[in-house]
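Trainee: Structure file my_file_18.cif (mmCIF, C-alpha atoms) is given on the next line.
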data_run
loop_
_atom_site.group_PDB
_atom_site.id
_atom_site.type_symbol
_atom_site.label_atom_id
_atom_site.label_comp_id
_atom_site.auth_asym_id
_atom_site.auth_seq_id
_atom_site.Cartn_x
_atom_site.Cartn_y
_atom_site.Cartn_z
ATOM 1 C CA MET A 1 -39.747 -5.182 -77.237
ATOM 2 C CA PRO A 2 -42.069 -2.755 -79.063
ATOM 3 C CA ALA A 3 -41.596 0.985 -78.628
ATOM 4 C CA GLU A 4 -43.184 4.125 -80.039
ATOM 5 C CA ILE A 5 -41.387 7.415 -80.644
ATOM 6 C CA LEU A 6 -42.916 10.229 -78.614
ATOM 7 C CA ALA A 7 -40.374 12.932 -79.527
ATOM 8 C CA VAL A 8 -36.873 13.392 -80.930
ATOM 9 C CA GLN A 9 -34.644 16.148 -79.605
ATOM 10 C CA PHE A 10 -31.488 17.139 -81.443
ATOM 11 C CA GLY A 11 -28.604 18.280 -79.290
ATOM 12 C CA ARG A 12 -25.987 20.816 -80.155
ATOM 13 C CA PHE A 13 -23.455 19.908 -82.787
ATOM 14 C CA VAL A 14 -20.355 18.405 -81.244
ATOM 15 C CA LYS A 15 -16.993 17.273 -82.528
ATOM 16 C CA GLU A 16 -16.181 13.616 -82.087
ATOM 17 C CA ARG A 17 -12.635 12.355 -82.290
ATOM 18 C CA THR A 18 -12.056 8.998 -83.883
ATOM 19 C CA VAL A 19 -8.748 7.140 -84.200
ATOM 20 C CA GLY A 20 -5.831 9.521 -84.732
ATOM 21 C CA VAL A 21 -6.631 13.077 -85.683
ATOM 22 C CA ASN A 22 -9.820 12.449 -87.663
ATOM 23 C CA THR A 23 -12.860 14.244 -86.333
ATOM 24 C CA SER A 24 -16.460 14.465 -87.382
ATOM 25 C CA VAL A 25 -19.182 16.907 -86.452
ATOM 26 C CA SER A 26 -22.609 15.550 -85.633
ATOM 27 C CA ALA A 27 -25.718 16.118 -83.598
ATOM 28 C CA LYS A 28 -26.479 13.996 -80.604
ATOM 29 C CA ARG A 29 -30.093 12.863 -80.570
ATOM 30 C CA THR A 30 -32.341 11.953 -77.678
ATOM 31 C CA VAL A 31 -35.380 9.857 -78.583
ATOM 32 C CA ARG A 32 -38.168 9.797 -76.003
ATOM 33 C CA LEU A 33 -40.037 6.487 -76.237
ATOM 34 C CA ARG A 34 -43.035 4.689 -74.856
ATOM 35 C CA VAL A 35 -41.770 1.137 -74.351
ATOM 36 C CA GLU A 36 -44.478 -1.540 -74.382
ATOM 37 C CA PRO A 37 -43.291 -4.794 -72.792
ATOM 38 C CA PRO A 38 -45.676 -7.652 -73.642
ATOM 39 C CA GLY A 39 -48.015 -8.359 -70.743
ATOM 40 C CA GLU A 40 -46.681 -5.434 -68.673
ATOM 41 C CA ALA A 41 -47.465 -1.754 -68.222
ATOM 42 C CA SER A 42 -45.861 0.587 -70.749
ATOM 43 C CA TYR A 43 -43.283 3.107 -69.571
ATOM 44 C CA GLU A 44 -41.250 5.995 -70.948
ATOM 45 C CA ALA A 45 -37.522 5.776 -71.609
ATOM 46 C CA GLU A 46 -34.904 7.787 -73.470
ATOM 47 C CA LEU A 47 -32.623 6.451 -76.163
ATOM 48 C CA GLU A 48 -29.385 8.425 -76.635
ATOM 49 C CA LEU A 49 -27.979 8.295 -80.159
ATOM 50 C CA GLY A 50 -24.733 9.615 -81.567
ATOM 51 C CA ALA A 51 -22.904 9.920 -84.852
ATOM 52 C CA LYS A 52 -22.340 6.195 -85.358
ATOM 53 C CA ASP A 53 -25.973 5.266 -84.727
ATOM 54 C CA PRO A 54 -28.442 5.004 -87.622
ATOM 55 C CA MET A 55 -30.969 7.688 -88.426
ATOM 56 C CA VAL A 56 -34.376 7.264 -86.819
ATOM 57 C CA PRO A 57 -37.723 8.708 -87.911
ATOM 58 C CA THR A 58 -38.450 11.998 -86.170
ATOM 59 C CA ALA A 59 -42.241 11.796 -86.465
ATOM 60 C CA PRO A 60 -44.043 10.930 -83.243
ATOM 61 C CA GLY A 61 -45.884 7.640 -83.619
ATOM 62 C CA ALA A 62 -43.160 5.774 -85.514
ATOM 63 C CA ARG A 63 -42.675 2.302 -84.051
ATOM 64 C CA PHE A 64 -39.786 -0.159 -83.764
ATOM 65 C CA ASP A 65 -38.360 -2.763 -81.426
ATOM 66 C CA VAL A 66 -35.786 -1.850 -78.789
ATOM 67 C CA LEU A 67 -33.533 -3.891 -76.556
ATOM 68 C CA ALA A 68 -33.927 -3.276 -72.810
ATOM 69 C CA ALA A 69 -31.464 -4.194 -70.079
ATOM 70 C CA ALA A 70 -32.878 -6.943 -67.846
ATOM 71 C CA ASP A 71 -31.588 -5.268 -64.678
ATOM 72 C CA ASP A 72 -32.682 -1.729 -65.709
ATOM 73 C CA PRO A 73 -35.499 -1.548 -68.285
ATOM 74 C CA GLN A 74 -34.951 2.227 -68.606
ATOM 75 C CA ARG A 75 -31.670 1.443 -70.414
ATOM 76 C CA VAL A 76 -32.748 0.827 -73.989
ATOM 77 C CA ALA A 77 -30.787 0.384 -77.207
ATOM 78 C CA LEU A 78 -31.373 -0.108 -80.913
ATOM 79 C CA PRO A 79 -31.097 -3.663 -82.216
ATOM 80 C CA GLU A 80 -28.388 -4.332 -84.798
ATOM 81 C CA SER A 81 -30.741 -3.936 -87.791
ATOM 82 C CA PRO A 82 -33.740 -1.847 -86.703
ATOM 83 C CA VAL A 83 -36.916 -1.761 -88.780
ATOM 84 C CA PHE A 84 -39.153 1.280 -88.331
ATOM 85 C CA THR A 85 -42.870 1.520 -89.057
ATOM 86 C CA THR A 86 -43.853 5.103 -89.854
ATOM 87 C CA PRO A 87 -47.094 6.571 -88.453
ATOM 88 C CA ASN A 88 -48.730 5.993 -91.879
ATOM 89 C CA GLY A 89 -47.809 2.293 -91.818
ATOM 90 C CA GLY A 90 -44.785 2.375 -94.148
ATOM 91 C CA GLU A 91 -41.726 0.311 -93.321
ATOM 92 C CA TRP A 92 -38.201 1.721 -93.395
ATOM 93 C CA ARG A 93 -34.807 0.134 -92.733
ATOM 94 C CA PRO A 94 -31.753 2.380 -92.267
ATOM 95 C CA THR A 95 -28.828 1.770 -94.587
ATOM 96 C CA ALA A 96 -26.092 -0.181 -92.796
ATOM 97 C CA ASN A 97 -23.415 2.041 -91.247
ATOM 98 C CA ALA A 98 -25.099 5.263 -92.354
ATOM 99 C CA GLY A 99 -25.410 7.282 -89.166
ATOM 100 C CA ILE A 100 -25.063 11.053 -89.197
ATOM 101 C CA GLY A 101 -21.296 10.828 -88.830
ATOM 102 C CA ARG A 102 -20.793 8.433 -91.752
ATOM 103 C CA GLY A 103 -20.878 10.446 -94.950
ATOM 104 C CA GLY A 104 -21.930 13.692 -93.338
ATOM 105 C CA GLU A 105 -25.000 15.754 -93.962
ATOM 106 C CA ALA A 106 -25.694 14.351 -97.444
ATOM 107 C CA ALA A 107 -26.060 10.793 -96.106
ATOM 108 C CA ALA A 108 -28.298 12.008 -93.279
ATOM 109 C CA MET A 109 -30.522 13.891 -95.723
ATOM 110 C CA GLU A 110 -30.752 10.804 -97.953
ATOM 111 C CA GLN A 111 -31.843 8.717 -94.963
ATOM 112 C CA MET A 112 -34.547 11.264 -94.057
ATOM 113 C CA GLU A 113 -35.793 11.286 -97.668
ATOM 114 C CA GLN A 114 -36.089 7.478 -97.548
ATOM 115 C CA ILE A 115 -38.212 7.785 -94.390
ATOM 116 C CA ARG A 116 -40.475 10.339 -96.116
ATOM 117 C CA GLU A 117 -40.858 8.113 -99.187
ATOM 118 C CA ALA A 118 -41.797 5.100 -97.037
ATOM 119 C CA ALA A 119 -44.468 7.206 -95.328
ATOM 120 C CA LYS A 120 -45.816 8.449 -98.691
ATOM 121 C CA ARG A 121 -46.088 4.896 -100.049
ATOM 122 C CA ALA A 122 -48.126 3.851 -97.036
ATOM 123 C CA ARG A 123 -50.488 6.854 -97.186
ATOM 124 C CA PRO A 124 -54.007 5.916 -98.363
ATOM 125 C CA GLN A 125 -55.000 7.248 -101.810
ATOM 126 C CA GLY A 126 -56.659 10.675 -101.682
ATOM 127 C CA ASP A 127 -54.892 11.611 -98.405
ATOM 128 C CA GLY A 128 -52.755 14.534 -99.463
#
Take the structure in this file and express it as structure tokens.

Mentor:
Amino acid sequence: MPAEILAVQFGRFVKERTVGVNTSVSAKRTVRLRVEPPGEASYEAELELGAKDPMVPTAPGARFDVLAAADDPQRVALPESPVFTTPNGGEWRPTANAGIGRGGEAAAMEQMEQIREAAKRARPQGDG
């Protein structure tokens, strides 16, 4: 169902242990959303993301579809291949398996640059 990003809060950096002794350092992210079920009243929910989850736009107003639990609509999750619409109308799809913890800071920065470029392409001429 459709959702709009209201705010993104980055948590403290934490170490995450994977199989064996490998560890990665990443920021947990909390995305506050306005979820808009068709034909029903909208409501706010929080989406908790970690190192293995894809990057999401941080600009309020970005839109995408979320999955909501039937028995608890406050429990929302990203679909397998999310597609984000930036506030300027650009479309952005995260690279598969490129969350903050996969490839470190460089991959995360590349993802954010892709979001910025999608927003620039959608900006009307003469607007900045």

Trainee: Compute the distance from (-34.5, 15.8, -81.4) to each atom, counting only C-alpha atoms, keep the residues with any atom at most 8 Å away, and return them as a list in words; use the coordinates of the file.

Mentor: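 Residues lying no farther than 8 Å from the given point: Ala7, Val8, Gln9, Phe10, Gly11, Arg29, Thr30, Val31 and Thr58 of chain A.
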
Trainee: Take the PyMOL selection byres ((chain A and resi 47) around 7), apply it to the structure above, and return the hits as a list in words.

Mentor: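 Matching residues under the PyMOL selection byres ((chain A and resi 47) around 7) are Thr30, Val31, Arg32, Ala45, Glu46, Glu48, Leu49, Val76 and Ala77 of chain A.
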
Trainee: Save the residues we just selected, C-alpha atoms, as a PDB file, in the frame of the given file?

Mentor:
ATOM      1  CA  THR A  30     -32.341  11.953 -77.678  1.00  0.00           C
ATOM      2  CA  VAL A  31     -35.380   9.857 -78.583  1.00  0.00           C
ATOM      3  CA  ARG A  32     -38.168   9.797 -76.003  1.00  0.00           C
ATOM      4  CA  ALA A  45     -37.522   5.776 -71.609  1.00  0.00           C
ATOM      5  CA  GLU A  46     -34.904   7.787 -73.470  1.00  0.00           C
ATOM      6  CA  GLU A  48     -29.385   8.425 -76.635  1.00  0.00           C
ATOM      7  CA  LEU A  49     -27.979   8.295 -80.159  1.00  0.00           C
ATOM      8  CA  VAL A  76     -32.748   0.827 -73.989  1.00  0.00           C
ATOM      9  CA  ALA A  77     -30.787   0.384 -77.207  1.00  0.00           C
TER      10      ALA A  77
END

Trainee: Given all atoms listed in the file as the basis, pick out the residue of A:Met1, A:Leu6, A:Ser42, A:Ala51 nearest to A:Lys28.

Mentor: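 Selected residue with least distance to A:Lys28: A:Ala51.
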
Trainee: Show me as number ranges by chain the residues that reach within 7 Å of (-41.1, 4.9, -78.6), counting all atoms listed in the file and using the file's own coordinates.

Mentor: A: 3-6, 32-35, 63

Trainee: Counting only C-alpha atoms, figure out which residue out of A:Ala41, A:Arg121, A:Ile115, A:Ala70 gets nearest to A:Phe84.

Mentor: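 The closest residue to A:Phe84 is A:Ile115.
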
Trainee: Could you state the separation of atom CA of A:Pro57 and atom CA of A:Glu117 in Å, given to one decimal place?

Mentor: 11.7 Å

Trainee: How many Å separate atom CA of A:Thr86 from atom CA of A:Ala68?

Mentor: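 Taking atom CA of A:Thr86 as the start and atom CA of A:Ala68 as the end point, the length is 21.4 Å.
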
Trainee: For A:Pro87, which residue out of A:Asp53, A:Ala62, A:Ala118, A:Pro38 is the nearest one, using only C-alpha atoms?

Mentor: A:Ala62
